[in-house]
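Undergrad: Contents are mmCIF, C-alpha atoms and all ligand atoms; file name structure_22.cif:
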```cif
data_structure
loop_
_atom_site.label_atom_id
_atom_site.label_comp_id
_atom_site.auth_asym_id
_atom_site.auth_seq_id
_atom_site.Cartn_x
_atom_site.Cartn_y
_atom_site.Cartn_z
CA MET A 256 -16.99 -128.40 -49.95
CA SER A 257 -20.59 -129.37 -50.29
CA THR A 258 -23.14 -126.71 -51.01
CA ALA A 259 -26.91 -126.80 -51.00
CA GLU A 260 -28.54 -127.72 -54.26
CA THR A 261 -29.36 -124.60 -56.23
CA GLU A 262 -32.85 -123.78 -57.43
CA PRO A 263 -32.15 -124.63 -61.11
CA VAL A 264 -30.70 -128.00 -60.10
CA SER A 265 -33.66 -128.98 -57.94
CA ASN A 266 -36.09 -127.76 -60.62
CA TYR A 267 -34.18 -129.78 -63.19
CA ARG A 268 -34.22 -132.95 -61.09
CA LYS A 269 -37.93 -132.70 -60.45
CA ILE A 270 -38.83 -132.03 -64.09
CA SER A 271 -36.54 -134.64 -65.60
CA GLN A 272 -37.70 -137.31 -63.13
CA ASP A 273 -41.34 -136.64 -63.93
CA LEU A 274 -40.92 -136.73 -67.73
CA PRO A 275 -41.98 -139.96 -69.42
CA GLN A 276 -39.01 -142.06 -70.58
CA HIS A 277 -39.59 -141.39 -74.26
CA VAL A 278 -39.55 -137.60 -73.93
CA GLN A 279 -36.33 -135.67 -74.50
CA LEU A 280 -35.68 -132.61 -72.37
CA VAL A 281 -34.01 -129.62 -74.00
CA ALA A 282 -32.96 -127.27 -71.21
CA VAL A 283 -33.37 -123.76 -72.58
CA SER A 284 -30.56 -121.73 -71.04
CA LYS A 285 -30.87 -118.44 -72.93
CA THR A 286 -29.96 -115.38 -70.83
CA HIS A 287 -28.49 -117.56 -68.06
CA PRO A 288 -24.75 -117.60 -67.37
CA PRO A 289 -22.40 -120.54 -67.99
CA GLU A 290 -21.99 -121.22 -64.25
CA VAL A 291 -25.67 -122.04 -63.87
CA ILE A 292 -25.67 -124.14 -67.04
CA GLN A 293 -22.68 -126.02 -65.60
CA GLN A 294 -24.66 -126.85 -62.44
CA VAL A 295 -27.47 -128.38 -64.46
CA TYR A 296 -24.91 -130.22 -66.58
CA ASP A 297 -23.29 -131.61 -63.43
CA ALA A 298 -26.72 -132.87 -62.36
CA GLY A 299 -26.83 -134.91 -65.57
CA GLN A 300 -28.36 -132.80 -68.35
CA ARG A 301 -26.58 -132.87 -71.73
CA VAL A 302 -28.98 -131.19 -74.18
CA PHE A 303 -29.25 -127.40 -73.98
CA GLY A 304 -31.07 -124.91 -76.16
CA GLU A 305 -30.17 -121.32 -77.00
CA ASN A 306 -31.95 -118.92 -79.31
CA LYS A 307 -29.22 -116.47 -80.33
CA VAL A 308 -26.06 -117.27 -82.25
CA GLN A 309 -23.88 -114.72 -80.50
CA GLU A 310 -24.90 -115.76 -77.02
CA LEU A 311 -24.43 -119.41 -77.96
CA THR A 312 -20.95 -118.96 -79.41
CA GLU A 313 -19.87 -117.04 -76.31
CA LYS A 314 -21.04 -119.83 -74.00
CA VAL A 315 -19.80 -122.87 -75.88
CA PRO A 316 -16.07 -122.51 -75.08
CA LYS A 317 -16.86 -122.06 -71.40
CA LEU A 318 -18.77 -125.32 -71.08
CA PRO A 319 -18.09 -129.06 -71.52
CA SER A 320 -17.63 -130.20 -75.09
CA ASP A 321 -20.07 -133.10 -74.88
CA ILE A 322 -23.08 -130.79 -74.55
CA GLN A 323 -25.50 -131.24 -77.44
CA TRP A 324 -26.43 -127.69 -78.38
CA HIS A 325 -29.76 -127.00 -80.04
CA LEU A 326 -30.50 -123.70 -81.71
CA ILE A 327 -34.18 -122.92 -81.15
CA GLY A 328 -34.42 -119.29 -82.30
CA HIS A 329 -34.63 -117.74 -85.74
CA LEU A 330 -31.38 -118.12 -87.67
CA GLN A 331 -30.09 -115.67 -90.27
CA THR A 332 -28.29 -117.09 -93.28
CA ASN A 333 -25.13 -115.08 -92.65
CA LYS A 334 -24.76 -116.54 -89.14
CA VAL A 335 -24.86 -120.24 -89.97
CA LYS A 336 -21.09 -120.27 -90.44
CA TYR A 337 -20.52 -119.42 -86.77
CA ILE A 338 -22.26 -122.53 -85.47
CA ALA A 339 -21.82 -125.10 -88.25
CA GLN A 340 -18.78 -126.71 -86.67
CA PHE A 341 -20.44 -127.73 -83.42
CA ILE A 342 -24.23 -127.36 -83.46
CA ASP A 343 -26.06 -130.65 -82.87
CA THR A 344 -29.55 -129.67 -84.00
CA ILE A 345 -31.15 -126.56 -85.51
CA GLN A 346 -34.80 -126.64 -84.52
CA SER A 347 -35.85 -123.41 -86.20
CA VAL A 348 -35.48 -124.04 -89.93
CA ASP A 349 -38.10 -122.01 -91.73
CA SER A 350 -36.90 -121.47 -95.30
CA GLU A 351 -35.24 -123.17 -98.22
CA LYS A 352 -32.51 -120.56 -98.16
CA ILE A 353 -31.49 -121.42 -94.61
CA LEU A 354 -31.65 -125.15 -95.29
CA LEU A 355 -29.29 -124.76 -98.25
CA GLU A 356 -26.85 -122.67 -96.26
CA ILE A 357 -26.82 -125.13 -93.34
CA SER A 358 -26.06 -127.97 -95.74
CA ARG A 359 -23.32 -125.93 -97.42
CA GLN A 360 -21.63 -124.96 -94.15
CA ALA A 361 -21.96 -128.48 -92.70
CA ALA A 362 -20.19 -129.82 -95.80
CA LYS A 363 -17.18 -127.63 -95.03
CA TYR A 364 -16.73 -129.51 -91.79
CA ASN A 365 -17.66 -132.85 -93.25
CA ARG A 366 -20.61 -133.09 -90.91
CA THR A 367 -24.28 -133.79 -91.01
CA ILE A 368 -26.38 -131.32 -89.03
CA LYS A 369 -29.75 -132.43 -87.74
CA VAL A 370 -32.60 -130.01 -88.33
CA TYR A 371 -36.26 -129.74 -87.48
CA LEU A 372 -38.62 -127.82 -89.69
CA GLN A 373 -40.41 -125.12 -87.73
CA ILE A 374 -44.12 -125.13 -88.47
CA LYS A 375 -46.39 -122.19 -87.83
CA ILE A 376 -49.24 -123.56 -85.70
CA ALA A 377 -50.19 -120.51 -83.64
CA ALA A 378 -53.33 -118.63 -84.59
CA GLU A 379 -51.71 -115.36 -83.57
CA GLU A 380 -49.52 -113.43 -85.97
CA THR A 381 -46.03 -114.85 -85.68
CA LYS A 382 -43.13 -113.96 -87.86
CA TYR A 383 -41.53 -117.36 -88.19
CA GLY A 384 -42.47 -120.82 -89.26
CA LEU A 385 -43.48 -122.67 -92.40
CA THR A 386 -47.00 -123.47 -93.47
CA LYS A 387 -47.71 -127.14 -93.88
CA GLN A 388 -47.58 -126.75 -97.66
CA GLU A 389 -44.21 -124.99 -97.58
CA ALA A 390 -42.83 -127.62 -95.25
CA GLN A 391 -44.06 -130.42 -97.50
CA GLN A 392 -42.35 -128.86 -100.47
CA LEU A 393 -39.06 -128.51 -98.59
CA PHE A 394 -39.35 -132.03 -97.29
CA ARG A 395 -39.84 -133.41 -100.81
CA GLN A 396 -36.75 -131.56 -102.03
CA TYR A 397 -34.87 -133.00 -99.09
CA MET A 398 -36.07 -136.51 -99.99
CA GLU A 399 -34.73 -135.93 -103.50
CA GLY A 400 -31.28 -135.40 -102.02
CA ASN A 401 -31.00 -131.63 -102.43
CA TYR A 402 -29.42 -131.05 -99.02
CA PRO A 403 -26.77 -133.74 -98.60
CA ASN A 404 -25.28 -132.51 -95.32
CA ILE A 405 -28.43 -132.14 -93.31
CA GLU A 406 -30.77 -134.66 -91.83
CA ILE A 407 -34.35 -133.59 -91.16
CA THR A 408 -35.15 -135.51 -88.00
CA GLY A 409 -38.14 -133.65 -86.64
CA LEU A 410 -40.68 -130.86 -86.57
CA MET A 411 -40.93 -127.99 -84.11
CA GLY A 412 -43.81 -125.72 -83.25
CA MET A 413 -44.90 -123.13 -80.74
CA ALA A 414 -48.45 -122.71 -79.57
CA SER A 415 -50.14 -119.31 -79.21
CA PHE A 416 -49.33 -117.23 -76.17
CA THR A 417 -52.73 -117.56 -74.53
CA ASP A 418 -54.52 -118.93 -71.46
CA ASP A 419 -57.02 -120.71 -73.67
CA THR A 420 -55.98 -124.33 -73.15
CA ASP A 421 -58.44 -125.61 -75.77
CA GLN A 422 -56.77 -123.47 -78.37
CA ILE A 423 -53.30 -124.61 -77.34
CA LYS A 424 -54.45 -128.21 -77.52
CA THR A 425 -55.90 -127.70 -80.99
CA GLU A 426 -52.62 -126.22 -82.16
CA PHE A 427 -50.55 -129.06 -80.70
CA ASN A 428 -52.88 -131.61 -82.25
CA SER A 429 -52.52 -129.96 -85.65
CA LEU A 430 -48.73 -130.32 -85.47
CA LYS A 431 -49.03 -133.95 -84.39
CA GLU A 432 -51.18 -134.60 -87.49
CA ILE A 433 -48.57 -133.01 -89.75
CA PHE A 434 -45.87 -135.05 -88.01
CA ASP A 435 -47.76 -138.28 -88.68
CA GLU A 436 -48.31 -137.33 -92.33
CA PHE A 437 -44.63 -136.55 -92.86
CA SER A 438 -43.64 -139.75 -91.12
CA LEU A 439 -45.43 -141.68 -93.87
CA MET A 440 -42.86 -140.27 -96.33
CA LYS A 441 -39.89 -140.83 -94.01
CA GLN A 442 -39.88 -141.80 -90.35
CA LEU A 443 -39.22 -138.68 -88.27
CA GLN A 444 -37.81 -139.09 -84.77
CA THR A 445 -38.69 -135.91 -82.98
CA LEU A 446 -41.81 -133.86 -82.43
CA SER A 447 -40.59 -130.80 -80.53
CA MET A 448 -43.44 -129.00 -78.84
CA GLY A 449 -44.06 -127.75 -75.33
CA MET A 450 -42.40 -125.11 -73.15
CA SER A 451 -42.47 -124.39 -69.41
CA GLY A 452 -46.14 -123.47 -69.33
CA ASP A 453 -47.56 -126.12 -71.60
CA TYR A 454 -45.18 -129.07 -71.90
CA GLN A 455 -47.43 -131.52 -70.06
CA MET A 456 -50.25 -130.80 -72.47
CA ALA A 457 -47.84 -131.03 -75.39
CA ILE A 458 -46.75 -134.49 -74.26
CA ALA A 459 -50.38 -135.57 -73.96
CA CYS A 460 -50.78 -134.41 -77.59
CA GLY A 461 -47.82 -136.49 -78.79
CA SER A 462 -44.70 -134.40 -78.20
CA ASN A 463 -41.53 -136.38 -77.53
CA SER A 464 -39.20 -133.42 -76.99
CA VAL A 465 -39.88 -130.42 -74.78
CA ARG A 466 -38.04 -127.11 -74.60
CA VAL A 467 -38.09 -125.98 -70.99
CA GLY A 468 -36.45 -122.73 -69.88
CA SER A 469 -37.95 -120.72 -67.04
CA ALA A 470 -39.34 -123.74 -65.16
CA ILE A 471 -35.72 -124.86 -64.72
CA PHE A 472 -33.66 -121.69 -64.65
CA GLY A 473 -36.22 -119.24 -63.27
CA SER A 474 -37.30 -116.08 -64.99
CA ARG A 475 -34.98 -114.77 -67.63
CA GLN A 476 -32.10 -112.51 -66.68
CA TYR A 477 -33.08 -109.89 -69.22
CA ASP A 478 -35.76 -109.37 -71.82
CA LEU A 479 -35.10 -110.57 -75.30
C1 LIG B 501 -37.42 -119.38 -74.79
C2 LIG B 501 -37.96 -120.50 -75.59
C3 LIG B 501 -38.43 -121.67 -74.97
C4 LIG B 501 -38.50 -121.84 -73.48
O1 LIG B 501 -39.47 -121.03 -72.93
P1 LIG B 501 -39.92 -121.17 -71.39
O2 LIG B 501 -41.31 -120.67 -71.38
O3 LIG B 501 -38.99 -120.32 -70.60
O4 LIG B 501 -39.82 -122.61 -71.03
C5 LIG B 501 -38.88 -122.69 -75.79
N1 LIG B 501 -38.87 -122.59 -77.14
C6 LIG B 501 -38.42 -121.49 -77.76
C7 LIG B 501 -38.42 -121.47 -79.25
C8 LIG B 501 -37.95 -120.41 -77.02
O5 LIG B 501 -37.51 -119.32 -77.65
#
```
In C-alpha cells, write the structure found in this file.
TA:
Amino acid sequence: MSTAETEPVSNYRKISQDLPQHVQLVAVSKTHPPEVIQQVYDAGQRVFGENKVQELTEKVPKLPSDIQWHLIGHLQTNKVKYIAQFIDTIQSVDSEKILLEISRQAAKYNRTIKVYLQIKIAAEETKYGLTKQEAQQLFRQYMEGNYPNIEITGLMGMASFTDDTDQIKTEFNSLKEIFDEFSLMKQLQTLSMGMSGDYQMAIACGSNSVRVGSAIFGSRQYDL
C-alpha cells in the first residue's frame, strides 16, 4: 500500500536537500511519537535528538538500532546510567561533575561517548551552559587525560530567543570564535548551533551541525 508522503517527511526532504554537504542534520524529535520518527528514518535520516532521558529511553527500544541518538537537553548526574549504553553524543555537557560521570558510566560498557561542551552565548538569563573560561578549564583537564571514556568532539550553543537578528548573529559569531580557539589546542569536528528559526544564519556563521525540530515535525505535541 502506498500512502501520501506525510508532512514531516516532506519537510525533512526539503530541509536535508537544501543543507550544504558539510552540515550535519540532527532531527529533534522530542514530544513526537516513535511512528513519526520512523517515517523520517525511512526517508533516510539517522541522527535524532531528544532532550529528556525518560522520553529517550522509552523511544529507543521502539525504533531501529542504528539510529545515532544525541541528547541535547540538560542532563542530571543520576540519569547518565540510563543512557550510557547506547547514547552516541551528549551535546549538553555543562559541568565537570557530569563529564566525570559520563566517563565513569561509559567505562562500564567499555565505550567512548562523544560529548560537546555547551557554551552559554545568549545574552538573556539562561540556566545552562559554561562560560568560555569554564569550558577552557574543562577542556584542559580533558587534554590531560582526566576523562578516558569520553571524547570531546564539539561545542554547542543556543542563541537568545529574540527577533533581533543582529544579536543572534553576534552570539553565533562568538561561539565560532571560541570553537576556532579550542581547535588550536585540539581539532574539534562539530560546531552545533542553529535551530528551526535560525539555522541558516548559524550555518553562515560557521555551524556545521544544526538541531532542527519544529521545522521538520511541526509544532510540539505538548509544552515542555
Ligand atoms: C528543542 C530544541 C531544539 C529544536 O528546536 P526547534 O526550534 O523546534 O527546531 C534545538 N536545540 C535544543 C537544545 C532544543 O532543546
Undergrad: Can you measure CA of Glu379 in chain A to CA of Ser284 in chain A for me? One decimal in Å is fine.
TA: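 A separation of 25.4 Å between them.
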Undergrad: So, with only C-alpha atoms as the atoms that count, which of A:Tyr383, A:Tyr397, A:Phe416, A:Phe303 lies closest to Ser358 in chain A?
TA: A:Tyr397
Undergrad: With distances taken over only C-alpha atoms, which of A:Ser271, A:Ser265, A:Gln346, A:Gln279 is nearest to Asn306 in chain A?
TA: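 Under the stated criterion, the closest residue is A:Gln346.
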Undergrad: Around (-40.3, -135.8, -91.5), as given in the file, which residues come within 12 Å? Count all atoms listed in the file and list them as a PyMOL selection string.
TA: chain A and resi 369-374+387+390-398+406-411+430-446
Undergrad: Could you build a table of the residues in chain A lying no more than 7 Å from ligand LIG 501 (chain B), giving for each the nearest pair of atoms and their separation in Å rounded to one decimal place, using all atoms listed in the file, ordered by chain and ascending residue number, as a tab-separated table?
TA:
```
residue	atom	partner	partner_atom	distance
A:Val283	CA	B:LIG501	C4	5.6
A:Lys285	CA	B:LIG501	C1	6.9
A:Asn306	CA	B:LIG501	O5	5.8
A:Ile327	CA	B:LIG501	C7	4.9
A:Gly328	CA	B:LIG501	C7	5.5
A:Met413	CA	B:LIG501	C7	6.9
A:Met450	CA	B:LIG501	O4	4.2
A:Ser451	CA	B:LIG501	O4	3.6
A:Gly452	CA	B:LIG501	O2	5.9
A:Arg466	CA	B:LIG501	C5	4.7
A:Val467	CA	B:LIG501	O4	3.8
A:Gly468	CA	B:LIG501	O4	3.6
A:Ser469	CA	B:LIG501	O3	3.7
A:Ala470	CA	B:LIG501	O4	6.0
```
Undergrad: Just to confirm, what's the straight-line distance from CA of Asp321 in chain A to CA of Val264 in chain A in Å (one decimal)?
TA: 18.9 Å
Undergrad: Would you be able to write out as a VMD selection string which residues have an atom within 6 Å of (-45.6, -123.1, -82.9) in the file's coordinates, counting all atoms listed in the file?
TA: chain A and resid 375 to 377 412 to 414
Undergrad: At what distance in Å, to one decimal, does CA of Leu311 in chain A lie from CA of Gly449 in chain A?
TA: 21.5 Å
Undergrad: Considering only C-alpha atoms, return as JSON, numbers by chain whatever protein or nucleic-acid residues lie within 10 Å of Arg268 in chain A, sequence-local ones (same chain, fewer than 3 positions apart) excluded.
TA: {"A": [262, 263, 264, 265, 271, 272, 273, 295, 298, 299, 300, 471]}
Undergrad: Please provide the set of residues having any atom within 9 Å of Gln340 in chain A, restricted to all atoms listed in the file, with same-chain residues fewer than 4 positions apart removed, written as an mmCIF file with C-alpha atoms, in the frame of the given file.
TA:
```cif
data_model
loop_
_atom_site.group_PDB
_atom_site.id
_atom_site.type_symbol
_atom_site.label_atom_id
_atom_site.label_comp_id
_atom_site.auth_asym_id
_atom_site.auth_seq_id
_atom_site.Cartn_x
_atom_site.Cartn_y
_atom_site.Cartn_z
ATOM 1 C CA LYS A 336 -21.090 -120.270 -90.440
ATOM 2 C CA GLN A 360 -21.630 -124.960 -94.150
ATOM 3 C CA ALA A 361 -21.960 -128.480 -92.700
ATOM 4 C CA LYS A 363 -17.180 -127.630 -95.030
ATOM 5 C CA TYR A 364 -16.730 -129.510 -91.790
ATOM 6 C CA ARG A 366 -20.610 -133.090 -90.910
#
```
Undergrad: Smallest atom-to-atom distance to Val465 in chain A: which of A:Pro275, A:Gly400, A:Ile338, A:Thr417, using all atoms listed in the file?
TA: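 Result for the nearest residue to Val465 in chain A: A:Pro275.
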Undergrad: Would you please work out which residue, of A:Val302, A:Met448, A:Ile357, A:Cys460, is nearest to Val281 in chain A when using only C-alpha atoms?
TA: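 Distance minimum relative to Val281 in chain A lands on A:Val302.
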Undergrad: Rank A:Met456, A:Leu385, A:Pro289, A:Trp324 by their smallest atom-to-atom distance to Glu426 in chain A, using all atoms listed in the file, and report the top residue only.
TA: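 Residue with the minimum atom-to-atom distance to Glu426 in chain A: A:Met456.
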Undergrad: Quick one: range 363-392 of chain A with N, CA and C atoms, as a CSV table (one decimal), keeping the file's coordinate frame?
TA:
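The resulting file, result_8.csv, is shown below:
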```csv
chain,number,residue,atom,x,y,z
A,363,LYS,N,-18.5,-128.1,-95.3
A,363,LYS,CA,-17.2,-127.6,-95.0
A,363,LYS,C,-16.5,-128.4,-93.9
A,364,TYR,N,-17.3,-128.8,-92.9
A,364,TYR,CA,-16.7,-129.5,-91.8
A,364,TYR,C,-17.0,-131.0,-91.9
A,365,ASN,N,-17.4,-131.4,-93.1
A,365,ASN,CA,-17.7,-132.8,-93.2
A,365,ASN,C,-18.6,-133.4,-92.3
A,366,ARG,N,-19.7,-132.6,-91.9
A,366,ARG,CA,-20.6,-133.1,-90.9
A,366,ARG,C,-22.0,-133.2,-91.5
A,367,THR,N,-22.9,-133.8,-90.7
A,367,THR,CA,-24.3,-133.8,-91.0
A,367,THR,C,-24.9,-133.1,-89.8
A,368,ILE,N,-25.7,-132.0,-90.1
A,368,ILE,CA,-26.4,-131.3,-89.0
A,368,ILE,C,-27.8,-131.7,-89.0
A,369,LYS,N,-28.3,-132.1,-87.8
A,369,LYS,CA,-29.8,-132.4,-87.7
A,369,LYS,C,-30.6,-131.2,-87.7
A,370,VAL,N,-31.7,-131.2,-88.4
A,370,VAL,CA,-32.6,-130.0,-88.3
A,370,VAL,C,-34.0,-130.5,-88.1
A,371,TYR,N,-34.8,-129.6,-87.5
A,371,TYR,CA,-36.3,-129.7,-87.5
A,371,TYR,C,-36.8,-128.6,-88.3
A,372,LEU,N,-37.9,-128.9,-89.0
A,372,LEU,CA,-38.6,-127.8,-89.7
A,372,LEU,C,-39.6,-127.2,-88.7
A,373,GLN,N,-39.5,-125.8,-88.6
A,373,GLN,CA,-40.4,-125.1,-87.7
A,373,GLN,C,-41.7,-124.8,-88.4
A,374,ILE,N,-42.8,-125.3,-87.9
A,374,ILE,CA,-44.1,-125.1,-88.5
A,374,ILE,C,-44.9,-124.1,-87.7
A,375,LYS,N,-45.6,-123.2,-88.5
A,375,LYS,CA,-46.4,-122.2,-87.8
A,375,LYS,C,-47.7,-122.8,-87.4
A,376,ILE,N,-48.0,-123.0,-86.1
A,376,ILE,CA,-49.2,-123.6,-85.7
A,376,ILE,C,-50.1,-122.6,-84.9
A,377,ALA,N,-49.5,-121.5,-84.5
A,377,ALA,CA,-50.2,-120.5,-83.6
A,377,ALA,C,-51.2,-119.7,-84.5
A,378,ALA,N,-52.3,-119.4,-83.9
A,378,ALA,CA,-53.3,-118.6,-84.6
A,378,ALA,C,-52.9,-117.2,-84.6
A,379,GLU,N,-52.1,-116.8,-83.6
A,379,GLU,CA,-51.7,-115.4,-83.6
A,379,GLU,C,-50.7,-115.1,-84.7
A,380,GLU,N,-50.5,-113.8,-85.0
A,380,GLU,CA,-49.5,-113.4,-86.0
A,380,GLU,C,-48.1,-113.7,-85.4
A,381,THR,N,-47.4,-114.6,-86.0
A,381,THR,CA,-46.0,-114.8,-85.7
A,381,THR,C,-45.2,-114.7,-86.9
A,382,LYS,N,-44.0,-114.3,-86.7
A,382,LYS,CA,-43.1,-114.0,-87.9
A,382,LYS,C,-42.6,-115.2,-88.5
A,383,TYR,N,-42.3,-116.2,-87.7
A,383,TYR,CA,-41.5,-117.4,-88.2
A,383,TYR,C,-42.3,-118.7,-88.3
A,384,GLY,N,-41.9,-119.5,-89.1
A,384,GLY,CA,-42.5,-120.8,-89.3
A,384,GLY,C,-43.0,-121.0,-90.7
A,385,LEU,N,-43.0,-122.3,-91.1
A,385,LEU,CA,-43.5,-122.7,-92.4
A,385,LEU,C,-44.9,-123.1,-92.3
A,386,THR,N,-45.7,-122.8,-93.4
A,386,THR,CA,-47.0,-123.5,-93.5
A,386,THR,C,-46.8,-124.9,-93.8
A,387,LYS,N,-47.8,-125.7,-93.6
A,387,LYS,CA,-47.7,-127.1,-93.9
A,387,LYS,C,-47.3,-127.4,-95.3
A,388,GLN,N,-47.9,-126.6,-96.2
A,388,GLN,CA,-47.6,-126.8,-97.7
A,388,GLN,C,-46.1,-126.4,-98.0
A,389,GLU,N,-45.6,-125.3,-97.4
A,389,GLU,CA,-44.2,-125.0,-97.6
A,389,GLU,C,-43.3,-126.1,-97.0
A,390,ALA,N,-43.7,-126.6,-95.9
A,390,ALA,CA,-42.8,-127.6,-95.2
A,390,ALA,C,-42.8,-128.9,-96.1
A,391,GLN,N,-44.0,-129.2,-96.7
A,391,GLN,CA,-44.1,-130.4,-97.5
A,391,GLN,C,-43.2,-130.3,-98.7
A,392,GLN,N,-43.2,-129.1,-99.3
A,392,GLN,CA,-42.4,-128.9,-100.5
A,392,GLN,C,-40.9,-129.0,-100.1
```
